>>> print(open('input-v4.csv').read())   # CSV, C-alpha atoms and all ligand atoms
chain,number,residue,atom,x,y,z
A,1,MET,CA,76.6,2.4,39.4
A,2,GLU,CA,80.3,1.7,40.0
A,3,LYS,CA,82.2,-0.4,37.5
A,4,ALA,CA,83.0,-2.9,40.3
A,5,ASP,CA,79.3,-3.4,41.0
A,6,VAL,CA,78.5,-3.9,37.4
A,7,ASP,CA,81.2,-6.5,37.1
A,8,GLU,CA,80.0,-8.2,40.2
A,9,MET,CA,76.4,-8.3,39.0
A,10,ILE,CA,77.5,-9.9,35.7
A,11,ASP,CA,79.8,-12.3,37.5
A,12,LEU,CA,76.9,-13.4,39.7
A,13,THR,CA,74.7,-13.9,36.7
A,14,VAL,CA,77.2,-16.0,35.0
A,15,ARG,CA,77.9,-18.1,38.0
A,16,ARG,CA,74.2,-18.6,38.8
A,17,GLY,CA,73.7,-20.0,35.4
A,18,ILE,CA,73.0,-17.5,32.7
A,19,GLU,CA,73.3,-20.6,30.6
A,20,TYR,CA,69.6,-20.8,31.2
A,21,SER,CA,69.1,-17.8,28.9
A,22,PHE,CA,72.0,-18.6,26.6
A,23,ASN,CA,70.8,-22.1,26.1
A,24,ARG,CA,67.4,-21.0,25.2
A,25,PHE,CA,69.1,-18.7,22.7
A,26,ASP,CA,71.1,-21.6,21.2
A,27,ASP,CA,68.0,-23.8,21.1
A,28,SER,CA,66.1,-21.3,19.0
A,29,HIS,CA,69.1,-21.4,16.6
A,30,LYS,CA,69.0,-25.2,16.5
A,31,ALA,CA,65.3,-25.3,15.6
A,32,PRO,CA,66.0,-23.9,12.2
A,33,GLY,CA,64.0,-20.9,11.3
A,34,SER,CA,61.4,-20.6,14.0
A,35,PHE,CA,59.2,-18.9,11.4
A,36,MET,CA,57.4,-20.2,8.4
A,37,LYS,CA,58.8,-19.6,5.0
A,38,MET,CA,56.3,-17.9,2.8
A,39,GLY,CA,55.9,-18.5,-0.9
A,40,LYS,CA,55.5,-15.9,-3.6
A,41,ASN,CA,51.8,-15.6,-3.0
A,42,ASN,CA,52.3,-15.6,0.7
A,43,ASP,CA,51.2,-19.2,0.9
A,44,PRO,CA,53.2,-21.3,3.3
A,45,GLN,CA,55.7,-23.3,1.3
A,46,GLU,CA,55.3,-27.0,1.4
A,47,GLY,CA,58.1,-29.4,2.0
A,48,SER,CA,60.2,-27.0,4.0
A,49,SER,CA,62.2,-28.7,6.8
A,50,GLN,CA,61.6,-25.7,9.1
A,51,VAL,CA,59.8,-25.8,12.4
A,52,ARG,CA,56.7,-23.8,11.8
A,53,ILE,CA,54.9,-21.5,14.0
A,54,ASN,CA,51.6,-20.3,12.7
A,55,TRP,CA,52.5,-16.7,12.1
A,56,PHE,CA,50.0,-16.3,9.3
A,57,PRO,CA,46.9,-16.7,11.4
A,58,GLY,CA,43.3,-16.6,10.1
A,59,HIS,CA,42.9,-12.9,10.8
A,60,MET,CA,45.7,-12.2,8.3
A,61,ALA,CA,43.8,-14.0,5.5
A,62,LYS,CA,40.8,-11.9,6.5
A,63,ALA,CA,43.0,-8.8,6.4
A,64,MET,CA,44.0,-9.6,2.8
A,65,ARG,CA,40.3,-9.9,1.8
A,66,ASP,CA,39.7,-6.6,3.5
A,67,VAL,CA,42.6,-5.0,1.6
A,68,ARG,CA,41.3,-6.3,-1.7
A,69,LEU,CA,37.8,-4.9,-1.0
A,70,LYS,CA,39.2,-1.5,0.0
A,71,ILE,CA,41.5,-1.3,-3.1
A,72,SER,CA,38.5,-1.8,-5.3
A,73,LYS,CA,36.9,1.4,-4.0
A,74,VAL,CA,39.9,3.7,-4.6
A,75,ASP,CA,41.9,5.3,-7.4
A,76,LEU,CA,45.2,5.7,-5.5
A,77,VAL,CA,46.9,3.4,-3.0
A,78,LEU,CA,49.4,5.0,-0.6
A,79,GLU,CA,51.6,2.1,0.6
A,80,ILE,CA,53.2,2.9,4.0
A,81,ARG,CA,56.5,1.1,4.6
A,82,ASP,CA,59.3,1.5,7.2
A,83,ALA,CA,62.2,3.7,6.1
A,84,ARG,CA,64.6,1.4,8.0
A,85,ILE,CA,63.7,-1.6,5.8
A,86,PRO,CA,62.4,-0.2,2.6
A,87,LEU,CA,62.0,-3.5,0.6
A,88,ALA,CA,61.5,-5.9,3.5
A,89,SER,CA,58.6,-3.9,4.8
A,90,GLY,CA,56.7,-4.3,1.6
A,91,ASN,CA,54.9,-7.4,0.4
A,92,PRO,CA,55.0,-8.7,-3.2
A,93,ALA,CA,51.5,-10.1,-2.7
A,94,LEU,CA,50.3,-6.5,-3.0
A,95,GLU,CA,51.2,-6.3,-6.7
A,96,LYS,CA,48.5,-8.8,-7.5
A,97,LEU,CA,45.8,-6.9,-5.7
A,98,LEU,CA,46.7,-3.5,-7.2
A,99,HIS,CA,45.7,-4.3,-10.8
A,100,GLN,CA,46.0,-1.0,-12.6
A,101,LYS,CA,45.6,1.2,-9.5
A,102,LEU,CA,47.9,4.2,-9.0
A,103,HIS,CA,50.4,3.2,-6.3
A,104,LEU,CA,52.7,5.5,-4.3
A,105,ILE,CA,55.2,4.1,-1.8
A,106,VAL,CA,55.9,6.2,1.3
A,107,PHE,CA,58.7,5.3,3.7
A,108,ASN,CA,57.6,6.5,7.2
A,109,LYS,CA,59.7,6.8,10.4
A,110,ALA,CA,62.5,8.4,8.3
A,111,ASN,CA,63.4,10.2,11.5
A,112,LEU,CA,64.4,6.8,13.0
A,113,ALA,CA,66.5,5.8,9.9
A,114,ASP,CA,70.1,6.5,9.2
A,115,LYS,CA,70.4,9.6,7.0
A,116,ALA,CA,73.2,8.4,4.8
A,117,ASN,CA,71.3,5.1,4.2
A,118,ILE,CA,68.2,7.1,3.2
A,119,ARG,CA,70.2,8.9,0.6
A,120,LEU,CA,71.5,5.6,-0.8
A,121,TRP,CA,67.9,4.4,-1.1
A,122,GLN,CA,66.7,7.6,-2.7
A,123,SER,CA,69.3,7.3,-5.5
A,124,TRP,CA,68.5,3.6,-5.9
A,125,PHE,CA,64.8,4.4,-6.4
A,126,ALA,CA,65.6,7.4,-8.6
A,127,ARG,CA,67.7,5.1,-10.9
A,128,ARG,CA,64.6,2.9,-11.2
A,129,LYS,CA,62.5,6.0,-12.0
A,130,GLU,CA,60.3,5.1,-9.0
A,131,GLN,CA,58.7,8.0,-7.2
A,132,VAL,CA,59.0,7.5,-3.5
A,133,LEU,CA,58.8,9.6,-0.4
A,134,PHE,CA,60.6,9.4,2.9
A,135,LEU,CA,58.4,10.7,5.6
A,136,ASP,CA,58.4,11.6,9.3
A,137,ALA,CA,54.7,11.5,10.3
A,138,PHE,CA,55.3,13.8,13.2
A,139,ASP,CA,56.7,16.5,11.0
A,140,MET,CA,54.0,18.7,9.4
A,141,LYS,CA,56.3,19.7,6.5
A,142,SER,CA,56.6,16.0,5.7
A,143,ILE,CA,52.9,15.6,5.8
A,144,LYS,CA,52.5,18.5,3.4
A,145,SER,CA,54.8,16.9,0.9
A,146,LEU,CA,52.7,13.8,1.0
A,147,SER,CA,49.5,15.8,0.3
A,148,LYS,CA,51.3,17.6,-2.5
A,149,MET,CA,52.5,14.3,-4.1
A,150,ALA,CA,49.0,12.8,-3.9
A,151,HIS,CA,47.6,16.0,-5.3
A,152,ALA,CA,50.0,15.9,-8.3
A,153,VAL,CA,49.0,12.3,-9.0
A,154,THR,CA,45.3,13.5,-8.9
A,155,GLN,CA,46.0,16.1,-11.5
A,156,GLN,CA,47.7,13.6,-13.7
A,157,LYS,CA,45.0,11.1,-13.4
A,158,TRP,CA,42.2,13.6,-14.2
A,159,GLN,CA,44.2,15.3,-17.0
A,160,LYS,CA,41.6,14.2,-19.5
A,161,PHE,CA,38.8,15.9,-17.6
A,162,ILE,CA,40.7,19.0,-16.7
A,163,SER,CA,41.9,19.6,-20.3
A,164,LYS,CA,38.2,19.5,-21.4
A,165,GLY,CA,37.2,21.9,-18.7
A,166,ILE,CA,35.2,19.3,-16.9
A,167,HIS,CA,35.4,19.3,-13.1
A,168,PRO,CA,36.8,15.8,-12.2
A,169,PRO,CA,35.3,13.6,-9.5
A,170,PRO,CA,37.2,13.6,-6.2
A,171,LEU,CA,40.2,11.2,-6.2
A,172,ARG,CA,39.7,8.5,-3.7
A,173,MET,CA,42.7,7.1,-1.9
A,174,MET,CA,43.6,4.7,0.9
A,175,LEU,CA,46.6,3.9,3.0
A,176,LEU,CA,47.8,0.4,3.5
A,177,GLY,CA,50.9,-1.4,4.8
A,178,ILE,CA,52.2,-4.0,7.2
A,179,PRO,CA,51.5,-3.4,11.0
A,180,ASN,CA,53.1,-0.6,12.9
A,181,THR,CA,54.4,1.5,10.0
A,182,GLY,CA,52.4,4.5,11.1
A,183,LYS,CA,49.3,4.3,9.0
A,184,SER,CA,46.9,5.5,11.7
A,185,THR,CA,49.2,8.3,12.6
A,186,ILE,CA,49.4,9.5,9.0
A,187,ILE,CA,45.7,9.3,8.6
A,188,ASN,CA,45.3,11.5,11.7
A,189,ARG,CA,47.9,14.0,10.5
A,190,LEU,CA,46.4,14.2,7.0
A,191,THR,CA,42.9,14.7,8.3
A,192,LYS,CA,43.9,16.6,11.5
A,193,ARG,CA,41.9,14.1,13.5
A,194,LYS,CA,42.7,13.3,17.1
A,195,ALA,CA,42.3,9.6,17.0
A,196,ALA,CA,41.8,7.1,14.2
A,197,ASN,CA,39.7,4.0,14.4
A,198,THR,CA,37.8,5.0,17.5
A,199,GLY,CA,34.5,3.5,16.2
A,200,ASP,CA,36.2,0.7,14.4
A,201,ARG,CA,35.0,-2.1,16.5
A,202,PRO,CA,32.7,-4.9,15.6
A,203,GLY,CA,29.1,-4.0,16.3
A,204,VAL,CA,29.8,-0.3,16.1
A,205,THR,CA,28.0,1.1,13.1
A,206,ARG,CA,30.4,3.4,11.3
A,207,ALA,CA,28.8,6.4,9.8
A,208,GLN,CA,31.9,7.7,8.2
A,209,GLU,CA,33.9,6.0,5.5
A,210,TRP,CA,35.3,8.8,3.4
A,211,ILE,CA,37.2,11.8,4.8
A,212,VAL,CA,37.3,14.8,2.6
A,213,LEU,CA,40.8,16.1,1.9
A,214,GLY,CA,40.8,19.5,0.3
A,215,LYS,CA,38.8,20.2,-2.9
A,216,ASP,CA,39.6,17.1,-4.9
A,217,MET,CA,40.5,14.2,-2.7
A,218,GLU,CA,38.8,11.8,-0.4
A,219,LEU,CA,40.6,9.4,2.0
A,220,LEU,CA,39.2,6.1,3.2
A,221,ASP,CA,39.1,6.5,7.0
A,222,THR,CA,40.7,3.2,8.0
A,223,PRO,CA,43.9,1.7,6.5
A,224,GLY,CA,44.3,-1.7,4.9
A,225,ILE,CA,46.6,-4.0,6.9
A,226,MET,CA,49.0,-6.2,4.9
A,227,PRO,CA,50.5,-9.3,6.4
A,228,PRO,CA,54.3,-8.9,6.5
A,229,ARG,CA,56.4,-11.1,4.2
A,230,ILE,CA,59.1,-13.1,6.0
A,231,GLU,CA,61.5,-14.9,3.6
A,232,THR,CA,64.7,-15.1,5.6
A,233,GLU,CA,65.6,-15.2,9.2
A,234,GLN,CA,67.2,-11.8,8.7
A,235,GLU,CA,64.0,-10.3,7.5
A,236,GLY,CA,62.2,-11.9,10.4
A,237,LEU,CA,64.6,-10.1,12.8
A,238,TRP,CA,64.2,-6.8,11.0
A,239,LEU,CA,60.4,-7.0,11.0
A,240,CYS,CA,60.4,-7.9,14.7
A,241,ALA,CA,62.8,-5.1,15.5
A,242,ILE,CA,60.4,-2.5,13.9
A,243,HIS,CA,57.5,-4.4,15.6
A,244,ALA,CA,55.6,-5.3,12.5
A,245,ILE,CA,55.4,-8.8,13.9
A,246,LYS,CA,55.1,-10.0,17.5
A,247,ASP,CA,58.2,-10.6,19.6
A,248,GLN,CA,57.0,-14.1,20.4
A,249,ILE,CA,57.4,-15.2,16.7
A,250,ILE,CA,61.2,-14.9,17.0
A,251,GLY,CA,61.6,-14.4,20.7
A,252,GLU,CA,62.3,-11.2,22.6
A,253,GLU,CA,65.8,-12.3,23.6
A,254,LYS,CA,66.9,-13.1,20.1
A,255,VAL,CA,65.5,-9.8,18.8
A,256,ALA,CA,67.1,-7.8,21.6
A,257,ALA,CA,70.5,-9.5,20.9
A,258,PHE,CA,70.2,-8.7,17.2
A,259,VAL,CA,69.3,-5.0,17.9
A,260,VAL,CA,72.2,-4.4,20.4
A,261,ASP,CA,74.6,-6.1,18.0
A,262,HIS,CA,73.5,-3.9,15.1
A,263,LEU,CA,73.6,-0.7,17.1
A,264,GLN,CA,77.1,-1.6,18.4
A,265,LYS,CA,78.4,-2.3,15.0
A,266,ALA,CA,76.8,0.8,13.5
A,267,ALA,CA,78.5,2.7,16.4
A,268,THR,CA,75.2,4.6,17.2
A,269,PRO,CA,76.3,7.2,19.8
A,270,GLU,CA,72.9,7.4,21.5
A,271,PHE,CA,73.0,3.7,22.2
A,272,PHE,CA,76.3,3.9,24.1
A,273,GLN,CA,75.3,7.0,25.9
A,274,ARG,CA,71.9,5.8,27.1
A,275,TYR,CA,73.4,2.7,28.8
A,276,GLN,CA,76.7,4.3,29.7
A,277,LEU,CA,78.6,1.7,27.7
A,278,ASP,CA,82.1,2.2,26.4
A,279,ASN,CA,82.6,1.5,22.8
A,280,SER,CA,86.2,0.5,22.9
A,281,GLU,CA,85.6,-3.1,21.9
A,282,ILE,CA,83.1,-5.2,20.1
A,283,ARG,CA,81.3,-7.4,22.5
A,284,GLU,CA,79.1,-10.5,22.2
A,285,SER,CA,75.5,-9.4,22.2
A,286,GLN,CA,74.6,-11.4,25.3
A,287,GLU,CA,77.5,-9.9,27.2
A,288,LEU,CA,76.4,-6.5,26.0
A,289,LEU,CA,72.8,-7.2,27.2
A,290,LEU,CA,74.2,-8.3,30.6
A,291,ARG,CA,76.1,-5.1,30.9
A,292,ILE,CA,73.1,-3.1,30.0
A,293,GLY,CA,71.0,-5.0,32.6
A,294,ALA,CA,73.6,-4.4,35.3
A,295,LYS,CA,73.8,-0.6,34.4
A,296,LEU,CA,70.0,-0.4,34.7
A,297,ASN,CA,70.3,-2.3,37.9
A,298,PHE,CA,67.8,-4.9,36.7
A,299,LYS,CA,68.3,-7.5,39.4
A,300,GLU,CA,67.0,-11.0,39.8
A,301,LYS,CA,66.2,-12.4,43.3
A,302,GLY,CA,69.7,-13.9,43.7
A,303,GLY,CA,71.4,-10.6,42.7
A,304,GLY,CA,72.3,-11.4,39.1
A,305,VAL,CA,71.0,-9.6,36.0
A,306,ASP,CA,67.4,-10.0,35.1
A,307,TYR,CA,68.1,-10.9,31.5
A,308,VAL,CA,64.6,-11.2,30.3
A,309,LYS,CA,63.6,-7.8,31.7
A,310,THR,CA,66.7,-6.2,30.2
A,311,CYS,CA,65.8,-7.5,26.7
A,312,SER,CA,62.3,-6.2,26.9
A,313,GLN,CA,63.6,-2.8,28.1
A,314,VAL,CA,66.1,-2.5,25.3
A,315,LEU,CA,63.4,-3.3,22.7
A,316,HIS,CA,61.1,-0.8,24.3
A,317,ASP,CA,63.8,1.9,24.2
A,318,PHE,CA,64.8,1.1,20.7
A,319,ARG,CA,61.3,1.3,19.4
A,320,LEU,CA,60.8,4.7,20.9
A,321,GLY,CA,63.9,5.9,19.1
A,322,LEU,CA,65.9,6.4,22.3
A,323,LEU,CA,68.8,4.4,21.1
A,324,GLY,CA,69.4,6.6,18.0
A,325,ALA,CA,68.6,6.4,14.3
A,326,CYS,CA,69.6,3.3,12.5
A,327,SER,CA,68.8,1.4,9.2
A,328,PHE,CA,68.8,-2.3,8.7
A,329,GLU,CA,68.4,-2.8,5.0
A,330,LYS,CA,70.8,-1.6,2.4
A,331,PRO,CA,69.9,-1.2,-1.3
A,332,PRO,CA,70.7,-4.3,-3.3
A,333,ASP,CA,73.7,-4.1,-5.8
A,334,ASP,CA,72.6,-2.9,-9.2
A,401,LIG,N1,59.5,8.0,15.4
A,401,LIG,C1,58.3,7.9,14.7
A,401,LIG,N2,57.3,7.2,15.2
A,401,LIG,C2,56.2,7.1,14.4
A,401,LIG,C3,56.1,7.7,13.2
A,401,LIG,N3,54.8,7.4,12.7
A,401,LIG,C4,54.2,6.7,13.6
A,401,LIG,N4,55.0,6.5,14.7
A,401,LIG,C5,54.7,5.7,15.9
A,401,LIG,O1,54.7,4.3,15.5
A,401,LIG,C6,53.7,3.6,16.3
A,401,LIG,C7,52.7,2.9,15.4
A,401,LIG,O2,52.0,3.9,14.7
A,401,LIG,P1,50.5,3.6,14.1
A,401,LIG,O3,50.1,4.8,13.4
A,401,LIG,O4,49.6,3.1,15.2
A,401,LIG,O5,50.9,2.5,13.1
A,401,LIG,P2,49.9,1.5,12.2
A,401,LIG,O6,49.9,0.2,12.9
A,401,LIG,O7,50.5,1.4,10.9
A,401,LIG,O8,48.5,2.2,12.2
A,401,LIG,C8,53.0,4.6,17.2
A,401,LIG,O9,53.7,4.6,18.4
A,401,LIG,C9,53.4,6.0,16.5
A,401,LIG,O10,53.4,7.0,17.4
A,401,LIG,C10,57.2,8.4,12.6
A,401,LIG,O11,57.2,9.0,11.5
A,401,LIG,N5,58.3,8.5,13.4
A,402,MG,MG,46.7,1.5,13.0
>>> encode(input="input-v4.csv", output="structure tokens", more="lines below")
Ligand SMILES: Nc1nc2c(ncn2[C@@H]2O[C@H](COP(=O)(O)OP(=O)(O)O)[C@@H](O)[C@H]2O)c(=O)[nH]1
Ligand SMILES: [Mg+2]
Amino acid sequence: MEKADVDEMIDLTVRRGIEYSFNRFDDSHKAPGSFMKMGKNNDPQEGSSQVRINWFPGHMAKAMRDVRLKISKVDLVLEIRDARIPLASGNPALEKLLHQKLHLIVFNKANLADKANIRLWQSWFARRKEQVLFLDAFDMKSIKSLSKMAHAVTQQKWQKFISKGIHPPPLRMMLLGIPNTGKSTIINRLTKRKAANTGDRPGVTRAQEWIVLGKDMELLDTPGIMPPRIETEQEGLWLCAIHAIKDQIIGEEKVAAFVVDHLQKAATPEFFQRYQLDNSEIRESQELLLRIGAKLNFKEKGGGVDYVKTCSQVLHDFRLGLLGACSFEKPPDD
């Protein structure tokens, strides 16, 4: 599309009252924190002045009960988090459920995270003597290192048996984590299955619970789902961007604005290339979105930019990794 056409489309939108979208934007700012603050135990905090939406619905409480039950059956818990938000994709409530269980943290979607940022996190965890793994679930080498790590933990755990020449029982493990971190994908890759959870519907009797992995390991066939922890608006935006929580909780337009602003400031080349944007100046996120909508030729009836459709397309592209690798969370200062 010609530059003049893009400008005209934006002009039209502005004249026809993009305020409609912008105002909605501002309103969501005025209603402070459109998500609920969670306490340490993931209980809603009382006395907060925030407008609450019920983002911790009943099925989440049920999920926690399910997680507790599953943990009680295993020796090793593999917690799957998102490499782009290593701490914010965890949940402190897990500690309580773990008791003395072996616990490994895996940061998946490392292929979507910024490489330099991953290195910062690796040294941060190394300084804490925490064993962690950054993983790309689609990369078989990555999956092999995960198997190896689990295997090493097995050996350690059964040292007592092994040193006495007794064949140890199989080590039982499970995956858990907040939604959309790639748990089902990893289970499928580890077990070389085509689809996870196919029989996992109410009323369907499930014959299989344990999947045998090699000689000495067994994996629970369905993952535990942890509710995400949202303590700040920032974390809410991150969790929405990686799609661990639904867009409606924060609002698609707000999340899209946050994402484009982040990609612009991080100067992610794929982002500018995909939407043919010039990166000569920092733009307001709404203006950026309007430009993107115009470039994509997303028109409303009157000829202006379809802002809502644009936001949803940007989030779609971002989540597929089409806008380049990026990380949101930096390691805290030591
Ligand atoms: N780029 C990328 N995408 C992944 C990776 N692992 C999973 N995904 C994608 O993330 C989405 C959610 O994965 P899924 O396994 O269903 O997550 P779950 O909700 O934790 O079970 C799917 O579209 C996967 O294809 C990864 O390592 N890299
Ligand atoms: Mg799943």
>>> closest_atom_pairs(input="input-v4.csv", of="chain A", to="ligand MG 402 (chain A)", cutoff="10 Å", atoms="only C-alpha atoms and all ligand atoms", output="Markdown table")
| residue | atom | partner | partner_atom | distance |
| --- | --- | --- | --- | --- |
| A:Leu176 | CA | A:MG402 | MG | 9.6 |
| A:Gly177 | CA | A:MG402 | MG | 9.7 |
| A:Ile178 | CA | A:MG402 | MG | 9.7 |
| A:Pro179 | CA | A:MG402 | MG | 7.1 |
| A:Asn180 | CA | A:MG402 | MG | 6.7 |
| A:Thr181 | CA | A:MG402 | MG | 8.3 |
| A:Gly182 | CA | A:MG402 | MG | 6.7 |
| A:Lys183 | CA | A:MG402 | MG | 5.5 |
| A:Ser184 | CA | A:MG402 | MG | 4.2 |
| A:Thr185 | CA | A:MG402 | MG | 7.3 |
| A:Ile186 | CA | A:MG402 | MG | 9.3 |
| A:Ile187 | CA | A:MG402 | MG | 9.0 |
| A:Ala196 | CA | A:MG402 | MG | 7.5 |
| A:Asn197 | CA | A:MG402 | MG | 7.6 |
| A:Thr222 | CA | A:MG402 | MG | 8.0 |
| A:Pro223 | CA | A:MG402 | MG | 7.1 |
| A:Gly224 | CA | A:MG402 | MG | 9.0 |
| A:Ile225 | CA | A:MG402 | MG | 8.2 |
>>> residues_around(input="input-v4.csv", residues="A:Leu98", least_positions_apart="4", cutoff="9 Å", atoms="all atoms listed in the file", output="ChimeraX atom specification")
/A:68,71-72,77,94,102-103
>>> atom_distance(input="input-v4.csv", atom1="atom CA of A:Ala113", atom2="atom CA of A:Ala83")
6.1 Å
>>> closest_residue(input="input-v4.csv", among="A:Leu12, A:Met174, A:Met149, A:Val6", to="A:Lys70", atoms="only C-alpha atoms")
A:Met174
>>> closest_residue(input="input-v4.csv", among="A:Asp221, A:Glu231, A:Glu2, A:Asp66", to="A:Pro92", atoms="only C-alpha atoms")
A:Glu231
>>> atom_distance(input="input-v4.csv", atom1="atom CA of A:Glu253", atom2="atom CA of A:Asn117")
26.6 Å
>>> atom_distance(input="input-v4.csv", atom1="atom C2 of ligand LIG 401 (chain A)", atom2="atom CA of A:Thr191")
16.5 Å
>>> residues_around(input="input-v4.csv", residues="A:Leu104", least_positions_apart="4", cutoff="8 Å", atoms="only C-alpha atoms", output="ChimeraX atom specification")
/A:76-79,131-132
>>> closest_residue(input="input-v4.csv", among="A:Gln273, A:Phe134, A:Asp11, A:Gln122", to="A:Lys109", atoms="only C-alpha atoms")
A:Phe134
>>> closest_residue(input="input-v4.csv", among="A:Pro228, A:Gly236, A:Pro170, A:Gly214", to="ligand LIG 401 (chain A)", atoms="only C-alpha atoms and all ligand atoms")
A:Pro228
>>> residues_around(input="input-v4.csv", residues="A:Ile245", least_positions_apart="3", cutoff="12 Å", atoms="all atoms listed in the file", output="PyMOL selection string")
chain A and resi 35+55-57+60+89+178-181+226-230+235-242+248-252+255
>>> write_last_selection(input="input-v4.csv", atoms="C-alpha atoms", output="PDB file, in the frame of the given file")
ATOM      1  CA  PHE A  35      59.200 -18.900  11.400  1.00  0.00           C
ATOM      2  CA  TRP A  55      52.500 -16.700  12.100  1.00  0.00           C
ATOM      3  CA  PHE A  56      50.000 -16.300   9.300  1.00  0.00           C
ATOM      4  CA  PRO A  57      46.900 -16.700  11.400  1.00  0.00           C
ATOM      5  CA  MET A  60      45.700 -12.200   8.300  1.00  0.00           C
ATOM      6  CA  SER A  89      58.600  -3.900   4.800  1.00  0.00           C
ATOM      7  CA  ILE A 178      52.200  -4.000   7.200  1.00  0.00           C
ATOM      8  CA  PRO A 179      51.500  -3.400  11.000  1.00  0.00           C
ATOM      9  CA  ASN A 180      53.100  -0.600  12.900  1.00  0.00           C
ATOM     10  CA  THR A 181      54.400   1.500  10.000  1.00  0.00           C
ATOM     11  CA  MET A 226      49.000  -6.200   4.900  1.00  0.00           C
ATOM     12  CA  PRO A 227      50.500  -9.300   6.400  1.00  0.00           C
ATOM     13  CA  PRO A 228      54.300  -8.900   6.500  1.00  0.00           C
ATOM     14  CA  ARG A 229      56.400 -11.100   4.200  1.00  0.00           C
ATOM     15  CA  ILE A 230      59.100 -13.100   6.000  1.00  0.00           C
ATOM     16  CA  GLU A 235      64.000 -10.300   7.500  1.00  0.00           C
ATOM     17  CA  GLY A 236      62.200 -11.900  10.400  1.00  0.00           C
ATOM     18  CA  LEU A 237      64.600 -10.100  12.800  1.00  0.00           C
ATOM     19  CA  TRP A 238      64.200  -6.800  11.000  1.00  0.00           C
ATOM     20  CA  LEU A 239      60.400  -7.000  11.000  1.00  0.00           C
ATOM     21  CA  CYS A 240      60.400  -7.900  14.700  1.00  0.00           C
ATOM     22  CA  ALA A 241      62.800  -5.100  15.500  1.00  0.00           C
ATOM     23  CA  ILE A 242      60.400  -2.500  13.900  1.00  0.00           C
ATOM     24  CA  GLN A 248      57.000 -14.100  20.400  1.00  0.00           C
ATOM     25  CA  ILE A 249      57.400 -15.200  16.700  1.00  0.00           C
ATOM     26  CA  ILE A 250      61.200 -14.900  17.000  1.00  0.00           C
ATOM     27  CA  GLY A 251      61.600 -14.400  20.700  1.00  0.00           C
ATOM     28  CA  GLU A 252      62.300 -11.200  22.600  1.00  0.00           C
ATOM     29  CA  VAL A 255      65.500  -9.800  18.800  1.00  0.00           C
TER      30      VAL A 255
END
>>> residues_around(input="input-v4.csv", residues="A:Ala267", least_positions_apart="6", cutoff="10 Å", atoms="only C-alpha atoms", output="mmCIF file with C-alpha atoms, in the coordinates of the input")
data_model
loop_
_atom_site.group_PDB
_atom_site.id
_atom_site.type_symbol
_atom_site.label_atom_id
_atom_site.label_comp_id
_atom_site.auth_asym_id
_atom_site.auth_seq_id
_atom_site.Cartn_x
_atom_site.Cartn_y
_atom_site.Cartn_z
ATOM 1 C CA ASP A 261 74.600 -6.100 18.000
ATOM 2 C CA ASN A 279 82.600 1.500 22.800
ATOM 3 C CA ILE A 282 83.100 -5.200 20.100
ATOM 4 C CA CYS A 326 69.600 3.300 12.500
#
>>> closest_residue(input="input-v4.csv", among="A:Ala61, A:Phe138, A:Asp75, A:Leu120", to="A:Gln156", atoms="only C-alpha atoms")
A:Asp75
>>> closest_residue(input="input-v4.csv", among="A:Met9, A:Ala244, A:Leu288, A:Val314", to="A:Lys265", atoms="only C-alpha atoms")
A:Leu288
>>> residues_around(input="input-v4.csv", residues="A:Ser327", least_positions_apart="6", cutoff="10 Å", atoms="all atoms listed in the file", output="list in words")
Asp82, Ala83, Arg84, Ile85, Pro86, Ala110, Leu112, Ala113, Asp114, Lys115, Ala116, Asn117, Ile118, Trp238, His262, Leu263 and Ala266 of chain A
>>> write_last_selection(input="input-v4.csv", atoms="C-alpha atoms", output="mmCIF file, keeping the file's coordinate frame")
data_model
loop_
_atom_site.group_PDB
_atom_site.id
_atom_site.type_symbol
_atom_site.label_atom_id
_atom_site.label_comp_id
_atom_site.auth_asym_id
_atom_site.auth_seq_id
_atom_site.Cartn_x
_atom_site.Cartn_y
_atom_site.Cartn_z
ATOM 1 C CA ASP A 82 59.300 1.500 7.200
ATOM 2 C CA ALA A 83 62.200 3.700 6.100
ATOM 3 C CA ARG A 84 64.600 1.400 8.000
ATOM 4 C CA ILE A 85 63.700 -1.600 5.800
ATOM 5 C CA PRO A 86 62.400 -0.200 2.600
ATOM 6 C CA ALA A 110 62.500 8.400 8.300
ATOM 7 C CA LEU A 112 64.400 6.800 13.000
ATOM 8 C CA ALA A 113 66.500 5.800 9.900
ATOM 9 C CA ASP A 114 70.100 6.500 9.200
ATOM 10 C CA LYS A 115 70.400 9.600 7.000
ATOM 11 C CA ALA A 116 73.200 8.400 4.800
ATOM 12 C CA ASN A 117 71.300 5.100 4.200
ATOM 13 C CA ILE A 118 68.200 7.100 3.200
ATOM 14 C CA TRP A 238 64.200 -6.800 11.000
ATOM 15 C CA HIS A 262 73.500 -3.900 15.100
ATOM 16 C CA LEU A 263 73.600 -0.700 17.100
ATOM 17 C CA ALA A 266 76.800 0.800 13.500
#
